[in-house]
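Next comes my_file-v8.txt, a file with compact mmCIF, C-alpha atoms.
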```
# COMPACT_ATOMS: atom_id res chain seq x y z
CA MET A 2 -20.70 213.67 50.94
CA LYS A 3 -22.42 211.31 48.62
CA LYS A 4 -19.59 211.68 46.13
CA ILE A 5 -17.00 210.73 48.70
CA PHE A 6 -18.84 207.59 49.61
CA ILE A 7 -19.12 206.51 46.00
CA LEU A 8 -15.39 207.10 45.49
CA LEU A 9 -14.44 204.92 48.46
CA LEU A 10 -16.74 202.15 47.28
CA ALA A 11 -15.16 202.17 43.85
CA ILE A 12 -11.71 201.90 45.33
CA ALA A 13 -12.78 198.98 47.47
CA LEU A 14 -14.23 197.10 44.56
CA ALA A 15 -11.17 197.71 42.48
CA ALA A 16 -9.02 196.27 45.22
CA CYS A 17 -11.12 193.13 45.52
CA SER A 18 -11.05 192.39 41.82
CA ALA A 19 -7.30 192.89 41.27
CA PRO A 20 -5.16 189.61 41.07
CA ALA A 21 -2.91 188.76 43.97
CA VAL A 22 0.74 189.53 43.35
CA PRO A 23 2.94 186.61 44.58
CA THR A 24 5.27 187.51 47.29
CA GLU A 25 8.96 186.93 46.28
CA PRO A 26 10.52 184.27 48.52
CA ALA A 27 13.20 185.38 50.83
CA VAL A 28 16.68 184.65 49.65
CA PRO A 29 18.62 182.64 52.31
CA THR A 30 21.58 184.37 53.68
CA VAL A 31 24.75 182.47 52.72
CA VAL A 32 27.52 182.81 55.16
CA GLU A 33 30.70 183.04 53.17
CA PRO A 34 33.70 181.24 54.75
CA SER A 35 36.10 183.62 56.29
CA ALA A 36 39.67 183.67 55.08
CA THR A 37 40.85 184.23 58.63
CA PRO A 38 41.62 180.86 60.33
CA VAL A 39 39.75 180.09 63.43
CA VAL A 40 42.06 179.32 66.33
CA VAL A 41 40.59 177.01 68.87
CA VAL A 42 42.27 177.31 72.20
CA GLN A 43 41.83 174.21 74.38
CA THR A 44 43.06 174.32 77.91
CA VAL A 45 44.52 170.99 79.04
CA VAL A 46 45.14 170.59 82.73
CA VAL A 47 48.32 168.55 83.22
CA VAL A 48 48.86 167.13 86.66
CA ALA A 49 52.54 167.29 87.45
CA SER A 50 54.01 163.89 88.32
CA PRO A 51 56.09 163.79 91.48
CA ALA A 52 59.78 163.72 90.87
CA PRO A 53 61.04 160.12 90.91
CA THR A 54 62.72 159.22 94.12
CA GLU A 55 66.24 158.04 93.47
CA VAL A 56 66.50 154.41 94.40
CA PRO A 57 69.57 153.91 96.57
CA ALA A 58 72.05 151.38 95.34
CA ALA A 59 71.54 147.98 96.83
CA THR A 60 73.83 147.31 99.72
CA PRO A 61 76.13 144.51 98.60
CA ILE A 62 75.63 141.40 100.67
CA PRO A 63 78.96 140.06 101.79
CA PRO A 64 79.52 136.48 100.72
CA THR A 65 78.79 133.92 103.32
CA VAL A 66 82.04 132.75 104.80
CA ALA A 67 81.98 129.24 106.15
CA PRO A 68 83.35 129.03 109.65
CA PRO A 69 86.80 127.51 109.78
CA VAL A 70 86.84 123.81 110.35
CA VAL A 71 89.18 122.82 113.09
CA VAL A 72 90.34 119.26 112.87
CA THR A 73 92.07 117.86 115.87
CA VAL A 74 94.29 114.92 115.12
CA LEU A 75 95.32 112.81 118.02
CA VAL A 76 98.51 110.95 117.27
CA GLU A 77 99.13 108.06 119.53
CA PRO A 78 102.48 106.33 119.39
CA THR A 79 102.27 102.74 118.34
CA GLN A 80 102.45 100.51 121.34
CA PRO A 81 105.44 98.22 121.15
CA ALA A 82 104.63 94.61 120.60
CA ALA A 83 105.39 92.20 123.34
CA VAL A 84 108.92 90.89 123.30
CA VAL A 85 109.66 87.42 124.57
CA VAL A 86 113.18 87.32 125.96
CA ALA A 87 114.67 83.86 126.02
CA ASP A 88 116.81 82.69 128.86
CA THR A 89 120.27 83.86 127.90
CA PRO A 90 123.67 83.34 129.41
CA ALA A 91 125.62 86.22 130.89
CA THR A 92 127.41 86.76 127.60
CA GLY A 93 124.11 87.54 125.90
CA GLY A 94 122.06 85.67 123.35
CA ALA A 95 119.29 85.86 120.77
CA ILE A 96 116.05 87.71 121.50
CA THR A 97 112.95 85.93 120.24
CA LEU A 98 110.05 88.09 119.16
CA ASP A 99 106.40 87.27 119.71
CA ASN A 100 105.15 84.75 117.14
CA THR A 101 102.14 86.94 116.32
CA LEU A 102 104.50 89.36 114.60
CA GLY A 103 105.22 86.67 112.01
CA ARG A 104 101.49 86.45 111.08
CA ASN A 105 101.90 82.70 110.46
CA VAL A 106 104.12 83.60 107.52
CA PHE A 107 107.25 83.27 109.65
CA SER A 108 107.21 80.90 112.59
CA THR A 109 110.32 82.25 114.31
CA ILE A 110 111.97 85.69 114.33
CA THR A 111 115.06 86.31 116.42
CA MET A 112 117.65 89.10 116.67
CA SER A 113 121.03 89.22 118.31
CA SER A 114 120.38 92.50 120.17
CA ASN A 115 117.73 95.16 120.68
CA ALA A 116 120.16 98.04 120.00
CA PHE A 117 123.07 98.90 117.71
CA THR A 118 125.13 101.98 116.86
CA LEU A 119 126.95 103.73 114.06
CA ARG A 120 130.38 104.14 115.73
CA CYS A 121 130.73 101.82 118.73
CA ALA A 122 129.72 98.34 119.88
CA PRO A 123 127.48 96.79 119.05
CA ARG A 124 127.77 98.10 115.50
CA ASP A 125 125.58 95.43 113.94
CA ILE A 126 122.59 93.25 114.63
CA THR A 127 121.81 89.79 113.18
CA PHE A 128 118.30 88.66 112.32
CA ASN A 129 117.25 85.02 111.87
CA VAL A 130 113.82 83.94 110.62
CA THR A 131 112.10 80.69 109.74
CA ALA A 132 109.45 80.68 107.03
CA ALA A 133 106.25 78.84 107.89
CA ASN A 134 105.19 78.64 104.24
CA PRO A 135 107.30 76.17 102.21
CA ASP A 136 106.64 78.17 99.04
CA ILE A 137 108.76 81.03 100.40
CA ARG A 138 112.12 80.80 98.68
CA ASP A 139 113.47 84.27 99.50
CA VAL A 140 112.88 86.91 102.16
CA MET A 141 113.19 90.63 101.40
CA PHE A 142 114.21 92.84 104.32
CA TYR A 143 112.64 96.33 104.61
CA TYR A 144 113.47 98.95 107.25
CA ARG A 145 112.84 102.55 108.36
CA VAL A 146 113.88 104.79 111.27
CA VAL A 147 111.59 106.76 113.58
CA ASP A 148 112.76 109.79 115.54
CA LEU A 149 112.47 108.92 119.25
CA LYS A 150 111.56 112.48 120.25
CA ARG A 151 109.09 113.44 117.54
CA LEU A 152 108.08 109.92 116.47
CA TYR A 153 108.53 111.08 112.88
CA PRO A 154 109.06 108.06 110.59
CA SER A 155 111.17 107.95 107.46
CA GLU A 156 110.04 106.18 104.32
CA TRP A 157 110.47 102.43 104.10
CA LYS A 158 113.56 101.24 102.26
CA ALA A 159 114.32 97.83 100.77
CA PHE A 160 117.70 96.67 102.04
CA GLY A 161 117.93 93.40 100.15
CA LYS A 162 117.36 89.68 100.43
CA MET A 163 118.27 87.64 103.49
CA VAL A 164 120.66 84.72 103.09
CA ALA A 165 118.96 81.32 102.84
CA ASN A 166 120.38 78.64 105.18
CA GLY A 167 118.13 75.81 104.04
CA ASN A 168 114.99 74.30 105.57
CA GLY A 169 113.20 77.64 105.34
CA ASN A 170 115.75 79.47 107.51
CA PHE A 171 117.12 82.88 106.56
CA THR A 172 119.68 85.19 108.18
CA LEU A 173 120.85 88.80 107.76
CA THR A 174 123.45 90.94 109.54
CA PHE A 175 122.65 94.66 109.47
CA THR A 176 125.25 97.29 110.49
CA GLY A 177 124.86 100.88 111.62
CA GLU A 178 126.43 102.05 108.37
CA ASN A 179 123.85 100.14 106.32
CA ILE A 180 121.19 102.72 107.20
CA HIS A 181 120.84 105.15 104.31
CA PRO A 182 122.70 108.42 105.11
CA ASP A 183 119.62 110.52 104.30
CA ILE A 184 117.55 108.96 107.07
CA ARG A 185 120.12 108.39 109.82
CA ILE A 186 118.86 109.86 113.08
CA ASP A 187 120.83 109.73 116.29
CA GLY A 188 118.38 108.37 118.82
CA SER A 189 115.75 106.55 116.81
CA TRP A 190 113.75 103.36 116.52
CA PHE A 191 114.85 100.87 113.89
CA ASP A 192 111.68 99.26 112.48
CA PHE A 193 111.69 96.40 110.00
CA GLN A 194 109.41 94.09 108.04
CA LEU A 195 109.95 90.72 106.32
CA VAL A 196 108.40 89.91 102.94
CA GLY A 197 108.28 86.31 101.72
CA LEU A 198 108.89 85.77 97.99
CA SER A 199 108.17 82.81 95.76
CA LYS A 200 110.70 81.19 93.43
CA SER A 201 109.59 83.58 90.66
CA GLY A 202 110.03 86.59 92.93
CA ALA A 203 106.32 87.20 93.51
CA VAL A 204 105.22 88.35 96.97
CA ILE A 205 103.55 85.54 98.92
CA ASP A 206 102.95 87.32 102.21
CA ARG A 207 104.66 89.45 104.83
CA SER A 208 105.13 89.83 108.54
CA GLU A 209 103.74 92.61 110.66
CA LYS A 210 105.63 95.88 110.74
CA ILE A 211 107.93 95.19 113.67
CA GLU A 212 108.11 98.54 115.44
CA GLN A 213 109.89 99.97 118.48
CA GLN A 214 111.88 96.82 119.16
CA VAL A 215 115.37 98.03 118.19
CA LYS A 216 117.11 101.31 119.09
CA TYR A 217 119.70 103.01 116.89
CA THR A 218 122.23 105.64 117.97
CA PHE A 219 125.40 107.17 116.57
CA ASP A 220 127.56 106.70 119.64
CA CYS A 221 127.54 104.67 122.81
CA SER A 222 124.86 105.75 125.22
```
Let me see whether you can do it: turn the structure in this file into structure tokens.
Amino acid sequence: MKKIFILLLAIALAACSAPAVPTEPAVPTVVEPSATPVVVVQTVVVVASPAPTEVPAATPIPPTVAPPVVVTVLVEPTQPAAVVVADTPATGGAITLDNTLGRNVFSTITMSSNAFTLRCAPRDITFNVTAANPDIRDVMFYYRVVDLKRLYPSEWKAFGKMVANGNGNFTLTFTGENIHPDIRIDGSWFDFQLVGLSKSGAVIDRSEKIEQQVKYTFDCS
């Protein structure tokens, strides 16, 4: 028993005197990269957009149409100027027109009749005028015809110069055939106007348009 105790003591002493053996550090584990690729799967939630609503084509707006403009034209026939009829014998005589028709350019305007025709008597009419302005050396005679039914006037036409009798007096005899063939109308007014001219032929002034004083027909009424 004593021997066993001595043996255990010797072993214990030997253990205490022996140098400590360093512990070898642990080698870190190196993770080698894998040759197999890593696939990362990411789920993306996509919210479906609503299907676009087809926009209907714009309804064409019809162009604005202006309402029709109705113009009413009232045509009033020209009132005949006053006619002063001189005292005449039974065989007839000159008719003197109102002095206002001369517009102070002509002091006196007379005519042998207030009607004439193309084919029967009277077939002509004679006009006599006196110029109030001494500078008037010639008088140009203009005329037109106006349909009695429709009151449609023709264009004015220059017939020619009146014949000077001296002292500012002028005369002209106009026949039914003198009316231009293009404007002859059976049953019409014969309107006329007098234009005073200077010695050089320049217009000095004129009378009024003498309207609805003379009737013109083709045959005897």
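Between atom CA of A:Trp190 and atom CA of A:Leu173 the interatomic distance comes to 18.4 Å.
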For this session: Find the residues around stretch 105-116 of chain A up to 6 Å (only C-alpha atoms counted), leave out those fewer than 5 positions away in its own chain, and share them as number ranges by chain.
Result: A: 95-98, 126-133, 215-217
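Comparing the minimum interatomic distances between A:Val147 and each of A:Gln214, A:Ser199, A:Asn166, A:Ser189, counting all atoms listed in the file, we find that A:Ser189 sits nearest.
Here the question is which of A:Ala122, A:Val146, A:Val164, A:Val140 gets nearest to A:Ile211 using only C-alpha atoms, and that residue is A:Val146.
Taking atom CA of A:Trp157 as the reference point, atom CA of A:Gly188 is found at 17.7 Å.
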For this session: Find the residues around A:Ile180 up to 12 Å (all atoms listed in the file counted), leave out those fewer than 2 positions away in its own chain, and share them as a VMD selection string.
Result: chain A and resid 117 to 119 124 to 125 143 to 146 155 157 to 160 175 to 178 182 to 187 189 to 193 217 to 219
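The two atoms in question, atom CA of A:Lys162 and atom CA of A:Leu149, are spaced 27.4 Å apart.
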